[in-house]
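Trainee: Here you go, this is coords_19.cif (mmCIF, C-alpha atoms).
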```
data_data
loop_
_atom_site.label_atom_id
_atom_site.label_comp_id
_atom_site.auth_asym_id
_atom_site.auth_seq_id
_atom_site.Cartn_x
_atom_site.Cartn_y
_atom_site.Cartn_z
CA MET A 1 95.40 138.25 131.44
CA ASP A 2 98.79 138.27 133.14
CA GLU A 3 102.05 139.56 131.66
CA PHE A 4 103.00 136.21 130.13
CA ALA A 5 99.63 135.74 128.45
CA GLU A 6 99.90 139.25 127.02
CA LEU A 7 103.36 138.43 125.71
CA ALA A 8 101.99 135.29 124.03
CA SER A 9 99.11 137.27 122.55
CA ARG A 10 101.46 139.93 121.16
CA GLU A 11 103.72 137.27 119.68
CA SER A 12 100.75 135.57 118.09
CA GLU A 13 99.72 138.88 116.50
CA ALA A 14 103.28 139.49 115.28
CA ARG A 15 103.36 136.06 113.65
CA ARG A 16 100.04 136.75 111.95
CA ILE A 17 101.32 140.06 110.56
CA ALA A 18 104.57 138.44 109.38
CA ARG A 19 102.61 135.68 107.64
CA ARG A 20 100.50 138.25 105.78
CA GLN A 21 103.56 140.28 104.83
CA TRP A 22 105.20 137.16 103.35
CA PHE A 23 102.03 136.53 101.36
CA TRP A 24 101.97 140.06 99.91
CA LEU A 25 105.65 139.72 98.95
CA HIS A 26 104.85 136.40 97.22
CA PHE A 27 101.87 137.99 95.46
CA ALA A 28 103.94 140.97 94.28
CA ILE A 29 106.62 138.69 92.80
CA PHE A 30 103.90 136.58 91.16
CA ALA A 31 102.17 139.63 89.67
CA VAL A 32 105.38 141.19 88.31
CA ILE A 33 106.52 137.95 86.68
CA GLN A 34 103.08 137.21 85.19
CA VAL A 35 102.87 140.72 83.68
CA PHE A 36 106.39 140.26 82.29
CA LEU A 37 105.41 136.90 80.74
CA ALA A 38 102.24 138.40 79.25
CA ILE A 39 104.28 141.25 77.70
CA VAL A 40 106.77 138.73 76.25
CA TRP A 41 103.83 136.78 74.79
CA ALA A 42 102.23 139.95 73.35
CA LEU A 43 105.49 141.04 71.72
CA SER A 44 106.27 137.61 70.28
CA SER A 45 104.75 136.24 67.11
CA VAL A 46 103.32 133.22 68.94
CA THR A 47 99.52 133.37 69.10
CA TYR A 48 99.02 130.47 71.53
CA PRO A 49 98.59 132.00 75.03
CA TRP A 50 101.29 129.92 76.72
CA PHE A 51 101.55 132.35 79.64
CA ILE A 52 98.30 130.95 81.10
CA PHE A 53 100.12 127.81 82.24
CA PRO A 54 102.37 129.54 84.80
CA LEU A 55 99.45 131.87 85.57
CA PHE A 56 97.21 129.01 86.68
CA GLY A 57 99.96 126.74 88.05
CA TRP A 58 101.65 129.33 90.22
CA GLY A 59 98.29 131.06 90.77
CA THR A 60 97.01 127.96 92.55
CA LEU A 61 99.99 128.10 94.89
CA VAL A 62 99.40 131.83 95.51
CA ALA A 63 95.75 131.09 96.34
CA ALA A 64 96.85 128.35 98.76
CA HIS A 65 99.30 130.80 100.34
CA ALA A 66 96.48 133.34 100.74
CA VAL A 67 94.37 130.76 102.57
CA PHE A 68 97.32 129.95 104.83
CA ALA A 69 98.02 133.65 105.50
CA PHE A 70 94.48 134.90 106.08
CA VAL A 71 92.33 131.94 107.10
CA VAL A 72 94.35 129.13 108.68
CA ARG A 73 95.24 129.48 112.36
CA THR A 74 97.31 127.04 114.40
CA PRO A 75 95.60 125.41 117.42
CA GLU A 76 97.93 127.44 119.67
CA GLN A 77 96.84 130.71 118.06
CA ILE A 78 93.17 129.76 118.35
CA MET A 79 93.58 129.13 122.09
CA ILE A 80 95.50 132.33 122.70
CA ASP A 81 93.05 134.41 120.66
CA ARG A 82 90.17 132.89 122.64
CA GLU A 83 91.91 133.71 125.93
CA ALA A 84 92.55 137.29 124.81
CA ARG A 85 88.88 137.64 123.77
CA GLU A 86 87.67 136.33 127.13
CA ALA A 87 90.03 138.64 129.05
CA ARG A 88 88.79 141.74 127.17
CA PRO A 89 86.33 143.78 129.27
CA PRO A 90 82.73 143.59 127.93
CA GLN A 91 81.73 146.67 125.90
CA MET B 1 135.52 144.82 104.21
CA THR B 2 136.80 142.67 107.07
CA TRP B 3 133.20 141.47 107.47
CA LEU B 4 133.50 139.89 103.99
CA PHE B 5 136.91 138.32 104.63
CA ASP B 6 135.93 137.02 108.07
CA ALA B 7 133.65 134.54 106.30
CA TYR B 8 136.79 132.76 105.00
CA LEU B 9 137.93 132.20 108.59
CA ASP B 10 134.48 131.16 109.79
CA GLY B 11 134.26 127.38 110.05
CA ARG B 12 130.54 127.55 109.34
CA THR B 13 131.24 128.54 105.71
CA TYR B 14 132.88 125.17 105.11
CA THR B 15 130.36 123.20 107.15
CA THR B 16 127.56 124.89 105.14
CA LEU B 17 129.27 123.77 101.95
CA ALA B 18 129.58 120.23 103.34
CA TYR B 19 125.88 120.24 104.26
CA MET B 20 124.82 121.41 100.80
CA LEU B 21 126.99 118.72 99.18
CA ALA B 22 125.39 116.06 101.40
CA ALA B 23 121.84 117.43 100.98
CA LEU B 24 121.47 116.30 97.36
CA PRO B 25 122.39 112.59 97.74
CA LEU B 26 120.48 112.41 101.04
CA GLY B 27 117.45 114.00 99.41
CA ILE B 28 117.55 111.58 96.47
CA LEU B 29 117.95 108.62 98.85
CA GLY B 30 115.13 109.74 101.14
CA PHE B 31 112.69 110.45 98.32
CA THR B 32 113.47 107.20 96.49
CA VAL B 33 113.17 104.99 99.56
CA VAL B 34 109.96 106.64 100.82
CA VAL B 35 108.15 106.69 97.46
CA THR B 36 109.21 103.12 96.68
CA GLY B 37 108.42 101.90 100.20
CA LEU B 38 104.98 103.52 100.33
CA ALA B 39 104.00 102.36 96.83
CA LEU B 40 105.29 98.84 97.41
CA GLY B 41 103.86 98.57 100.91
CA ALA B 42 100.43 99.91 99.92
CA GLY B 43 100.37 97.68 96.85
CA LEU B 44 101.23 94.58 98.87
CA LEU B 45 98.95 95.47 101.78
CA VAL B 46 96.41 92.84 100.72
CA THR B 47 99.09 90.26 101.45
CA VAL B 48 100.98 90.18 104.76
CA VAL B 49 104.20 91.35 103.08
CA GLY B 50 102.96 94.96 102.77
CA ILE B 51 102.94 95.59 106.53
CA PRO B 52 106.67 95.04 107.18
CA VAL B 53 107.49 97.09 104.10
CA LEU B 54 105.42 100.04 105.42
CA VAL B 55 106.93 99.62 108.90
CA ALA B 56 110.44 99.61 107.43
CA THR B 57 109.58 102.78 105.46
CA LEU B 58 108.33 104.53 108.61
CA LEU B 59 111.45 103.44 110.51
CA PHE B 60 113.54 104.79 107.66
CA THR B 61 111.78 108.19 107.72
CA ARG B 62 112.37 108.41 111.47
CA ALA B 63 116.07 107.57 111.15
CA SER B 64 116.41 109.90 108.17
CA ALA B 65 114.74 112.78 110.08
CA ARG B 66 117.08 112.20 113.03
CA LEU B 67 120.08 112.35 110.71
CA GLN B 68 118.77 115.51 109.01
CA ARG B 69 118.17 117.16 112.40
CA ARG B 70 121.66 116.24 113.54
CA LEU B 71 123.25 117.48 110.30
CA ALA B 72 121.34 120.79 110.31
CA TRP B 73 122.18 121.33 113.98
CA SER B 74 125.88 120.50 113.69
CA LEU B 75 126.71 121.84 110.21
CA LEU B 76 124.28 124.76 109.74
CA ASP B 77 124.03 125.74 113.40
CA ALA B 78 120.23 125.47 113.08
CA PRO B 79 118.41 125.29 116.43
CA MET B 80 116.87 121.86 117.02
CA PRO B 81 114.91 120.64 120.04
CA ARG B 82 116.45 117.99 122.30
CA LEU B 83 113.82 115.27 122.06
CA ASN B 84 113.81 112.26 124.31
CA ARG B 85 114.66 109.27 122.15
CA GLU B 86 113.47 106.63 124.61
CA ARG B 87 109.95 108.00 124.64
CA ASP B 88 109.39 107.38 120.94
CA ASP B 89 108.31 103.76 121.27
CA GLU B 90 105.89 102.35 123.75
CA PRO B 91 107.09 99.13 125.32
CA GLY B 92 104.97 96.02 124.88
CA VAL B 93 103.88 93.61 122.21
CA PHE B 94 104.65 94.12 118.54
CA TRP B 95 101.22 95.54 117.61
CA ARG B 96 101.32 98.10 120.36
CA ARG B 97 104.76 99.26 119.31
CA LEU B 98 103.61 99.38 115.70
CA ALA B 99 100.57 101.53 116.62
CA SER B 100 102.80 103.89 118.63
CA LEU B 101 105.19 104.16 115.69
CA ILE B 102 102.34 105.28 113.40
CA ARG B 103 100.63 107.53 115.97
CA ARG B 104 103.91 109.02 117.18
CA PRO B 105 103.76 112.83 117.15
CA GLY B 106 105.76 114.16 114.25
CA ALA B 107 105.63 110.93 112.21
CA GLY B 108 103.62 112.60 109.43
CA ARG B 109 105.89 115.63 109.42
CA GLU B 110 108.96 113.41 109.10
CA LEU B 111 107.35 111.54 106.20
CA TRP B 112 106.65 114.82 104.40
CA PHE B 113 110.18 115.99 105.05
CA SER B 114 111.59 112.85 103.42
CA LEU B 115 109.68 113.81 100.26
CA LEU B 116 110.54 117.51 100.50
CA ALA B 117 114.22 116.71 101.09
CA LEU B 118 114.68 116.08 97.36
CA PRO B 119 113.61 119.51 96.01
CA LEU B 120 115.26 121.18 99.01
CA GLY B 121 118.47 119.22 98.39
CA VAL B 122 118.44 120.10 94.69
CA ILE B 123 117.94 123.82 95.42
CA GLY B 124 120.52 123.85 98.23
CA PHE B 125 123.13 122.01 96.17
CA SER B 126 122.54 124.09 93.02
CA VAL B 127 122.78 127.45 94.77
CA ALA B 128 125.92 126.44 96.73
CA MET B 129 127.60 125.01 93.62
CA SER B 130 126.68 128.10 91.56
CA ILE B 131 128.26 130.39 94.16
CA LEU B 132 131.38 128.20 94.29
CA TRP B 133 131.63 128.02 90.49
CA LEU B 134 131.19 131.78 90.07
CA MET B 135 134.01 132.26 92.59
CA VAL B 136 136.51 130.21 90.55
CA ALA B 137 135.25 130.15 86.93
CA GLY B 138 136.78 133.51 85.93
CA PHE B 139 140.21 132.38 87.17
CA VAL B 140 140.02 128.85 85.75
CA GLN B 141 138.86 129.88 82.26
CA PRO B 142 142.06 131.75 81.17
CA VAL B 143 144.16 128.79 82.35
CA VAL B 144 141.98 126.34 80.40
CA VAL B 145 142.12 128.50 77.24
CA ALA B 146 145.91 129.04 77.62
CA LEU B 147 146.35 125.25 77.78
CA GLY B 148 144.57 124.92 74.44
CA GLY B 149 141.05 124.21 75.64
CA GLU B 150 137.95 126.22 74.89
CA SER B 151 134.70 126.96 76.63
CA GLY B 152 131.48 128.72 75.78
CA VAL B 153 128.70 130.75 77.32
CA ALA B 154 125.25 130.92 75.64
CA GLY B 155 126.51 130.11 72.17
CA TRP B 156 129.64 132.27 72.44
CA THR B 157 132.82 130.21 72.05
CA ILE B 158 135.70 131.50 74.17
CA ASP B 159 138.95 130.43 72.51
CA THR B 160 141.37 133.27 73.19
CA VAL B 161 142.88 134.28 76.54
CA ALA B 162 141.69 137.89 76.03
CA GLU B 163 138.08 136.70 75.67
CA SER B 164 138.38 134.46 78.70
CA LEU B 165 139.40 137.42 80.87
CA VAL B 166 135.89 138.90 80.50
CA PHE B 167 134.62 136.83 83.43
CA LEU B 168 137.54 137.66 85.71
CA PRO B 169 135.83 140.70 87.35
CA VAL B 170 132.69 138.63 88.04
CA SER B 171 134.73 135.99 89.81
CA ALA B 172 136.72 138.67 91.66
CA VAL B 173 133.45 140.07 93.05
CA PHE B 174 132.20 136.60 93.96
CA LEU B 175 135.52 135.74 95.58
CA LEU B 176 134.80 138.67 97.87
CA VAL B 177 131.12 138.10 98.59
CA GLY B 178 130.79 134.35 97.87
CA PRO B 179 131.64 132.99 101.35
CA ARG B 180 129.28 135.53 102.96
CA MET B 181 126.55 134.47 100.51
CA LEU B 182 127.19 130.83 101.42
CA LEU B 183 126.84 131.69 105.10
CA GLY B 184 123.56 133.52 104.43
CA TRP B 185 122.27 130.65 102.32
CA GLY B 186 123.17 128.20 105.10
CA THR B 187 121.32 130.31 107.68
CA ALA B 188 118.19 130.55 105.48
CA PHE B 189 118.33 126.81 104.78
CA GLY B 190 118.81 126.06 108.47
CA ARG B 191 115.70 128.11 109.31
CA ALA B 192 113.70 126.13 106.78
CA VAL B 193 114.89 122.80 108.25
CA THR B 194 114.12 124.03 111.79
CA GLY B 195 110.62 125.04 110.65
CA LEU B 196 110.01 121.65 109.06
CA LEU B 197 111.70 119.28 111.51
CA GLY B 198 112.36 121.27 114.66
CA ARG B 199 108.84 121.35 116.02
CA ILE B 200 107.94 119.92 119.41
CA ALA B 201 104.64 118.06 119.37
CA PRO B 202 102.03 119.55 121.75
CA VAL B 203 101.92 116.30 123.71
CA GLU B 204 105.71 116.45 124.26
CA LEU B 205 105.40 120.08 125.33
CA LYS B 206 102.61 119.29 127.80
CA ARG B 207 104.72 116.48 129.22
CA GLY B 208 107.55 119.00 129.61
CA VAL B 209 105.26 121.50 131.39
CA VAL B 210 104.11 118.81 133.83
CA ASP B 211 107.75 117.83 134.50
CA VAL B 212 108.71 121.48 135.11
CA LEU B 213 105.79 121.96 137.51
CA THR B 214 106.60 118.67 139.27
CA GLY B 215 110.12 119.94 139.93
CA ALA B 216 109.25 123.54 140.77
CA GLY B 217 106.05 123.10 142.77
CA ASP B 218 104.42 126.17 141.33
CA ALA B 219 105.67 128.41 138.55
CA ASP B 220 104.45 131.27 136.39
CA GLY B 221 104.58 131.30 132.60
CA PHE B 222 108.09 132.79 132.45
CA GLU B 223 109.48 130.15 134.81
CA VAL B 224 107.81 127.36 132.83
CA LEU B 225 109.28 128.85 129.62
CA ASP B 226 112.76 128.87 131.18
CA GLY B 227 112.32 125.28 132.37
CA LEU B 228 111.24 124.15 128.91
CA ARG B 229 114.14 125.97 127.26
CA LEU B 230 116.47 124.18 129.64
CA ARG B 231 114.94 120.88 128.64
CA PHE B 232 114.43 121.27 124.87
CA GLY B 233 116.99 123.96 124.08
CA ARG B 234 116.59 127.54 122.89
CA GLY B 235 114.87 128.10 119.56
CA PRO B 236 111.69 129.02 117.73
CA PHE B 237 110.10 125.76 118.93
CA VAL B 238 109.65 126.96 122.53
CA THR B 239 108.07 130.41 122.52
CA PRO B 240 105.46 132.04 124.79
CA ILE B 241 102.73 131.04 122.28
CA GLU B 242 103.41 127.30 122.58
CA VAL B 243 103.90 127.48 126.36
CA GLU B 244 100.73 129.51 126.97
CA ALA B 245 98.72 127.16 124.74
CA ALA B 246 100.10 124.12 126.61
CA LEU B 247 99.27 125.74 129.97
CA LEU B 248 95.72 126.58 128.84
CA ALA B 249 95.16 123.06 127.47
CA LEU B 250 96.47 121.44 130.65
CA GLU B 251 94.34 123.76 132.77
CA SER B 252 91.17 123.05 130.81
CA SER B 253 91.83 119.28 131.05
CA GLY B 254 92.19 119.63 134.83
CA ALA B 255 95.82 118.46 134.98
CA ILE B 256 97.03 121.77 136.42
CA ARG B 257 95.35 124.69 138.12
CA SER B 258 96.13 128.38 138.09
CA ILE B 259 96.57 130.59 141.14
CA ARG B 260 96.17 134.35 140.70
CA ARG B 261 98.37 136.48 142.96
CA GLY B 262 98.00 140.16 142.17
CA GLY B 263 98.73 140.58 138.48
CA ARG B 264 100.59 137.27 138.21
CA VAL B 265 99.23 133.84 137.42
CA SER B 266 101.11 130.80 138.77
CA TYR B 267 100.41 127.19 137.90
CA ARG B 268 100.67 124.02 139.94
CA LEU B 269 99.74 120.38 139.42
CA ALA B 270 96.14 119.64 140.35
#
```
I need this file expressed as structure tokens, please.
Mentor:
Amino acid sequence: MDEFAELASRESEARRIARRQWFWLHFAIFAVIQVFLAIVWALSSVTYPWFIFPLFGWGTLVAAHAVFAFVVRTPEQIMIDREAREARPPQ
Amino acid sequence: MTWLFDAYLDGRTYTTLAYMLAALPLGILGFTVVVTGLALGAGLLVTVVGIPVLVATLLFTRASARLQRRLAWSLLDAPMPRLNRERDDEPGVFWRRLASLIRRPGAGRELWFSLLALPLGVIGFSVAMSILWLMVAGFVQPVVVALGGESGVAGWTIDTVAESLVFLPVSAVFLLVGPRMLLGWGTAFGRAVTGLLGRIAPVELKRGVVDVLTGAGDADGFEVLDGLRLRFGRGPFVTPIEVEAALLALESSGAIRSIRRGGRVSYRLA
């Protein structure tokens, strides 16, 4: 791997980390707001669990974000990862 | 402190405001035309009439995306790639041009953007208007109440000048930070538009790499990157990741070959 390929590989790794950090931020906001909604529901006199609607609606989006952050890779990242793997000395 | 006031003298504050004002009607127009065009075109596809309707919708999304790119670039200072307009359509008979219009790289992305432009426009407009209103509301309210009018906030009727002065400090703070917030909002919005519309299709990038190598003879990754930045402009759309991937793809297809000299790898056309 030459210097440019290493630069590309490092940038690819940085993007991956940033993507995961954005996901954890999203998840934290989701969790805080859902807990808040559940507390509001518990303290109110309403028995119908209305807080499940945002829980499942937004939860679906959070799950999709998790897939994007941890599973999905762009074709460019796949190629660069493969190149980095091939350049690594065999152990 | 001067950092806050400088935003008043920065032209980008006002162009951001202009962009946010335009984003809502443009978003409504784009969404309405695309949804109507796709539904009508798909519904009439069994007859011949559906095809021109779908073609017109695709042409509209392309023109709309061009306008959005231009607006984001000129008003929000968002980086956008310089794409060659002439290469969009293949010359030839109608059917060939139609196929190239559908297969054109970025056509799907532009279609999605036309739909996304509505929620984005609503958010952009609402945030910008809220900042603007918070900047002036506290100063306008006492004048309105002094002239005999009344206003209310969350069930509280404000009908005396003393009551109306409650919001003056809020507006004073927003008068200070509002333009800076607008600038920040414009930058964030510009990044989103660049991410959605400012992508160079891999085929365009490969074409660019071949053109750079044709001109340079042989070049390493850094030189190819510089050549591509010269061609498409500087921005998140031409980074070492995209360039390296394009070089690897071209090398594996046999269009270019790599030459290793010491620790450096140069590329030249095969």
Trainee: Hey, what comes out of the PyMOL selection byres ((chain A) within 6 of (chain B)) on this file? Could you write it as a PDB file with C-alpha atoms, keeping the file's coordinate frame?
Mentor:
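This went into out_3.pdb:
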```pdb
ATOM      1  CA  ASP A   2      98.790 138.270 133.140  1.00  0.00           C
ATOM      2  CA  PHE A   4     103.000 136.210 130.130  1.00  0.00           C
ATOM      3  CA  ALA A   8     101.990 135.290 124.030  1.00  0.00           C
ATOM      4  CA  GLU A  76      97.930 127.440 119.670  1.00  0.00           C
TER       5      GLU A  76
END
```
Trainee: Name the residues that the PyMOL selection byres ((chain A and resi 20) around 12) picks from the file above, as an mmCIF file with C-alpha atoms, in the coordinates of the input, using the file's chain letters and numbers.
Mentor:
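Produced file selection-v9.cif, reproduced below:
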```
data_model
loop_
_atom_site.group_PDB
_atom_site.id
_atom_site.type_symbol
_atom_site.label_atom_id
_atom_site.label_comp_id
_atom_site.auth_asym_id
_atom_site.auth_seq_id
_atom_site.Cartn_x
_atom_site.Cartn_y
_atom_site.Cartn_z
ATOM 1 C CA GLU A 13 99.720 138.880 116.500
ATOM 2 C CA ALA A 14 103.280 139.490 115.280
ATOM 3 C CA ARG A 15 103.360 136.060 113.650
ATOM 4 C CA ARG A 16 100.040 136.750 111.950
ATOM 5 C CA ILE A 17 101.320 140.060 110.560
ATOM 6 C CA ALA A 18 104.570 138.440 109.380
ATOM 7 C CA ARG A 19 102.610 135.680 107.640
ATOM 8 C CA GLN A 21 103.560 140.280 104.830
ATOM 9 C CA TRP A 22 105.200 137.160 103.350
ATOM 10 C CA PHE A 23 102.030 136.530 101.360
ATOM 11 C CA TRP A 24 101.970 140.060 99.910
ATOM 12 C CA LEU A 25 105.650 139.720 98.950
ATOM 13 C CA HIS A 26 104.850 136.400 97.220
ATOM 14 C CA PHE A 27 101.870 137.990 95.460
ATOM 15 C CA HIS A 65 99.300 130.800 100.340
ATOM 16 C CA ALA A 66 96.480 133.340 100.740
ATOM 17 C CA VAL A 67 94.370 130.760 102.570
ATOM 18 C CA PHE A 68 97.320 129.950 104.830
ATOM 19 C CA ALA A 69 98.020 133.650 105.500
ATOM 20 C CA PHE A 70 94.480 134.900 106.080
ATOM 21 C CA VAL A 71 92.330 131.940 107.100
ATOM 22 C CA VAL A 72 94.350 129.130 108.680
#
```
Trainee: May I have the protein, DNA and RNA residues with any atom at most 10 Å from the point (132.7, 137.7, 94.2), counting all atoms listed in the file, written as JSON, numbers by chain?
Mentor: {"B": [131, 132, 134, 135, 136, 168, 169, 170, 171, 172, 173, 174, 175, 176, 177, 178, 179, 180, 181]}
Trainee: With distances taken over all atoms listed in the file, which residue among A:Val46, A:Leu55, A:Ala5, A:Ala63 lies nearest Ile33 of chain A?
Mentor: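 That would be A:Leu55, the residue with the smallest distance to Ile33 of chain A.
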Trainee: With the PyMOL selection byres ((chain B and resi 184) around 12) as the selection, what would be picked from this file? Answer as a list in words, please.
Mentor: Leu4, Ala7, Arg12, Thr13, Thr16, Leu17, Leu76, Asp77, Gly124, Val127, Ala128, Ile131, Val177, Gly178, Pro179, Arg180, Met181, Leu182, Leu183, Trp185, Gly186, Thr187, Ala188, Phe189, Gly190 and Arg191 of chain B
Trainee: One decimal, Å: what's the distance from atom CA of Val40 of chain A over to atom CA of Trp58 of chain A, could you say?
Mentor: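 Atom-to-atom, atom CA of Val40 of chain A and atom CA of Trp58 of chain A are spaced 17.6 Å apart.
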Trainee: Have a look at atom CA of Trp133 of chain B and atom CA of Phe167 of chain B and let me know their distance in Å, one decimal.
Mentor: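 Atom CA of Trp133 of chain B sits 11.7 Å away from atom CA of Phe167 of chain B.
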Trainee: Between atom CA of Arg62 of chain B and atom CA of Glu110 of chain B, measure the distance and give it in Å to one decimal.
Mentor: 6.5 Å
